[in-house]
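Read the structure below first, then the notes.
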Amino acid sequence: MKVNKKLLTLLIIGGMSVSANSMAETTTAQALANTCAGCHGTDGSSNGPATPSLAGISVDYFKDAMADYKAKDGRYSTIMSRIAKGYSEEEIALMADYFSKQTFVRKEQQFDPKLAKQGGKLHRKYCEKCHEDGGRSSEDDAGILAGQWMDYLHYTMDDFKNGRRDIPKKMKKKVSKLEKDKGPEALEALINYYGSQK
Amino acid sequence: MSGISRRHFIQITGGAAAVSTLGFSNILLAGKSAGHVVIIGGGIGGATAARYIKRADPAVDVTIIEPNANYYTCFMSNEVISGERSIDSIKFGYQNLESMGVKIVRDYATNIDAGKKQVATKGNSNIAYDRCIVSPGVDFKWEMIEGYDAKVAAEKIPHAWKAGPQTVMLRKQLEAMKDDGTVIIAPPPNPFRCPPGPYERASQIAWYLKHNKPKSKVLILDAKDKFSKFGLFMQGWKKHYDYGTDNSMIEWVKGTEGGIIEGVNPATNTVIGSVSEYKGDVINIIPAQKAGKIAFTAGLVNDTGWCPVDQKTFESTIHKDVYVIGDSSVASPLPKSGYSANSEAKVCAAAVVASLHGKPAGIPTLVNTCYSLITPEDGISVAMVYNFDGKKIQKVKGSGGLTPMDSSPAMRKREANYAHSWFNNITHDTFGG
């Protein structure tokens with residue numbers, strides 16, 4: 001059943017991209033998403049080691065991230081603030097829709113199995129409530145963590161902790177509690193857990 | 001993607017594409033071709049075009065004519081020269097494209113008959129096409145530097161501006177050089193492939209020398225007075241290579257101050273400049289450039305030596321049903337870069353597929369990003385988003401630009417990591433896998 005559902009989704013995506021293509025005078029979601037592939041991988045599944053995968057992302061998470069990159073003094077980044085300014089809200093919405101419908105393809109990463117095991121336990125206790133299904137879910141606009149590139153997760157946590165990126169209130173509380181309970185190693189364990197997910 | 005292989009995934013999505021484009025009747029006639037696209041050149045432009053045509057519509061037959069079994073990417077080849085990576089790490093084959101159904105013909109395209117719609121090859125075949133995509137990269141204006149030609153470049157003084165054997169030769173020459181040697185790099189006049197490339201190369205060589213032959217230096221004899229990412233390179237060279245001091249590992253002579261070179265004497269390792277002569281222990285001359293040879297023989301160039309195209313589709317404005325992408329095309333304001341070629345190829349692939357189905361082309365959208373590594377942990381970039389104003393490609397106002405001059409070392413380290421990620425992603429996106 002699971003595969004059939006996937007097949008159906010794939011057929012719909014394929015059909016949509018072409019019917020959009022045949023409407024001249026509009027840039028299509030496919031054409032826009034194609035320009036991201038050079039850094040984020042074909043259809044948003046990155047080959048790493050640092051650029052994050054976008055496949056399966058929540059529509060609102062994508063839109064918020066792009067709006068934040070576009071904003072003056074917005075989200076801290078290397079080049080994304082320069083790239084995001086090139087797109088209108090409508091174009092961003094098309095890209096959000098496209099990437100949300102792609103399947104996140106998880107690639108091999110180097111991780112520490114011992115840390116990953118610890119991280120799994122910590123995830124269930126501190127993170128699972130919002131990052132459901134072992135961090136695979138993008139429900140309620142959660143970022144997909146399972147299989148996300150570890151370098152990217154390191155950068156992100158570093159930015160959250162050092163005030164370079166706004167951290168959601170609930171997450172801030174959980175991360176503080178995690179570090180208070182388990183020490184600074186705990187985040188490393190979590191990142192290894194996400195990196196270990198296939 | 002449990003239970004579905006990547007190849008099946010492509011076939012499934014492609015199958016859906018065929019359904020909505022052609023209607024259900026055609027899908028029942030399995031195997032019916034939607035036309036034949038012949039691509040000349042299996043570099044970044046050609047390989048990307050092939051992959052994206054097959055992704056859009058597997059019923060289109062695609063043939064790449066390419067003389068080499070593998071492609072070595074020019075981007076990141078400077079890291080091979082400095083010893084930071086192996087030549088094999090920039091080598092890509094065509095097996096993934098073949099498994100998508102792309103036919104690879106190991107031959108050299110010699111001419112295009114746009115009337116008969118045929119490509120002639122050195123191996124004496126004539127390959128018929130419905131649409132032809134030409135992506136031959138650059139050729140060199142050897143005549144601009146006396147004493148320099150393809151033979152000298154292959155045997156003694158490499159240009160290493162097409163990655164492969166000459167990249168390896170330049171690396172070996174650096175390894176064999178004595179300490180306190182001089183490495184001459186002579187970058188070309190505009191326009192040329194990879195505008196920041198010569199200066200990244202100078203940085204990478206300086207990095208190698210700093211750690212292995214610290215009494216040596218890099219002398220850049222430039223045809224120009226300014227170059228891509230100028231401020232960032234100058235800043236980086238001051239920081240890492242004592243640029244501007246007596247101990248500088250890099251010296252840069254601009255064009256108007258004697259940097260323009262007119263000749264070379266391979267027997268004495270001497271470069272003849274407009275003002276003085278320079279002796280080098282290792283010499284790397286990057287000659288002035290023009291469109292690839294086939295563009296000239298097929299009459300696709302204008303008097304600039306490059307190929308004018310309709311920037312909506314990349315169809316030649318000279319020959320109908322022939323498209324030119326990558327370095328050879330006039331895609332300005334896009335620079336001649338790997339990312340540009342990849343971006344242009346996708347626009348062209350969509351336009352070609354639409355045209356084969358009698359549909360109008362969509363509106364192009366393109367991106368370019370070029371990373372340069374001043375050291376293995378100091379990366380800089382330039383990026384830009386482009387759209388279409390109804391007639392030509394334009395930069396989207398307010399987008400793009402350079403790494404800020406005041407970005408922190410931590411951010412520069414991230415940029416270096418993103419540069420390597422870009423390499424992994426663009427090569428997978430181009431060659432598959």
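Just so we're on the same page: first chain in the structure tokens is A, next is B, and so on; residues restart at 1 for each chain, and ligands are numbered from 1 in the order they show up.
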
Mind dumping a table of every range 23-120 of chain B residue within 12 Å of range 157-161 of chain B, with the nearest atom pair and its distance in Å to one decimal, using only C-alpha atoms, sorted by chain and rising number, as JSON lines?
{"residue": "B:Tyr72", "atom": "CA", "partner": "B:Trp161", "partner_atom": "CA", "distance": 10.9}
{"residue": "B:Thr73", "atom": "CA", "partner": "B:Trp161", "partner_atom": "CA", "distance": 10.1}
{"residue": "B:Cys74", "atom": "CA", "partner": "B:Trp161", "partner_atom": "CA", "distance": 6.9}
{"residue": "B:Phe75", "atom": "CA", "partner": "B:Trp161", "partner_atom": "CA", "distance": 9.8}
{"residue": "B:Met76", "atom": "CA", "partner": "B:Trp161", "partner_atom": "CA", "distance": 11.6}
{"residue": "B:Ser77", "atom": "CA", "partner": "B:Ala160", "partner_atom": "CA", "distance": 8.7}
{"residue": "B:Asn78", "atom": "CA", "partner": "B:Ala160", "partner_atom": "CA", "distance": 9.2}
{"residue": "B:Val80", "atom": "CA", "partner": "B:Ala160", "partner_atom": "CA", "distance": 10.9}
{"residue": "B:Ile81", "atom": "CA", "partner": "B:Ala160", "partner_atom": "CA", "distance": 9.3}

(message) Based on the backbone DSSP call, show me all residues of chain A assigned alpha helix (DSSP H), as number ranges by chain.
(response) A: 2-21, 29-34, 37-40, 59-70, 80-84, 89-100, 113-122, 132-135, 150-161, 169-182, 185-196

(message) Would you pick out the contacts of Lys336 in chain B at 8 Å or less, using only C-alpha atoms, so that residues sharing its chain but fewer than 3 positions from it are not included, and give the list as a ChimeraX atom specification?
(response) /B:191-195,326-327,340-341

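When the distance limit is 8 Å and only C-alpha atoms are what count, the residues near Leu219 in chain B, minus those fewer than 2 positions from it on the same chain, are Thr182, Val183, Ile184, Ile185, Lys217, Leu221, Ile250, Glu251, Trp252 and Val253 of chain B.
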
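For the set B:Leu232, B:Asn368, B:Ile112, B:Ala331, the residue with the smallest atom-to-atom gap to Ser407 in chain B is B:Leu232, counting only C-alpha atoms.
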
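Taking only C-alpha atoms into account, Trp142 in chain B lies nearest to B:Ile286 out of the set B:Ile53, B:Ile87, B:Ile286, B:Ile318.
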
(message) So that I can see what lies close to Val105 in chain B, please list as number ranges by chain the residues with an atom at most 7 Å from it, counting only C-alpha atoms and leaving out residues fewer than 4 positions away in the same chain.
(response) B: 63-66

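Among the candidate residues A:Lys121, A:Phe99, A:Thr156, A:Cys130, the one lying nearest to chain B is A:Thr156, with distances computed using only C-alpha atoms.
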
(message) Can you tell me which residues surround Leu356 in chain B at a distance of at most 12 Å, considering only C-alpha atoms, apart from same-chain residues fewer than 5 positions away, and format the answer as a ChimeraX atom specification?
(response) /B:21-22,33-37,53,56-57,59-61,129-132,321,349-351,361

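Around Val367 in chain B, within 9 Å and counting only C-alpha atoms, the residues found are A:Thr35, A:Cys36, A:Gly38, A:Ile83, B:Leu334, B:Tyr339, B:Ser340, B:Ser343, B:Glu344, B:Ala383, B:Met384, B:Val385, B:Tyr386, B:Asn387, once anything fewer than 4 positions away on its own chain is removed.
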
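Taking only C-alpha atoms into account, chain B lies nearest to A:Ser81 out of the set A:Ser81, A:Ser196, A:Ser176, A:Gln109.
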
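Every residue of range 344-398 of chain B with a DSSP assignment of strand (DSSP E or B), taken from the backbone, is listed as Leu366, Val367, Asn368, Thr369, Cys370, Tyr371, Ser372, Leu373, Ile374, Thr375, Asp378, Gly379, Ile380, Ser381, Val382, Ala383, Met384, Val385, Tyr386, Asn387, Phe388, Ile393, Gln394 and Lys395 of chain B.
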
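With only C-alpha atoms as the atoms that count, the minimum distance from Glu108 in chain A to the choices A:Met66, A:Ile57, A:Cys39, A:Met150 is reached by A:Met150.
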
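Among the candidates A:Gln102, A:Thr42, A:Thr51, A:Ser77, the one nearest to Arg164 in chain A when counting only C-alpha atoms is A:Ser77.
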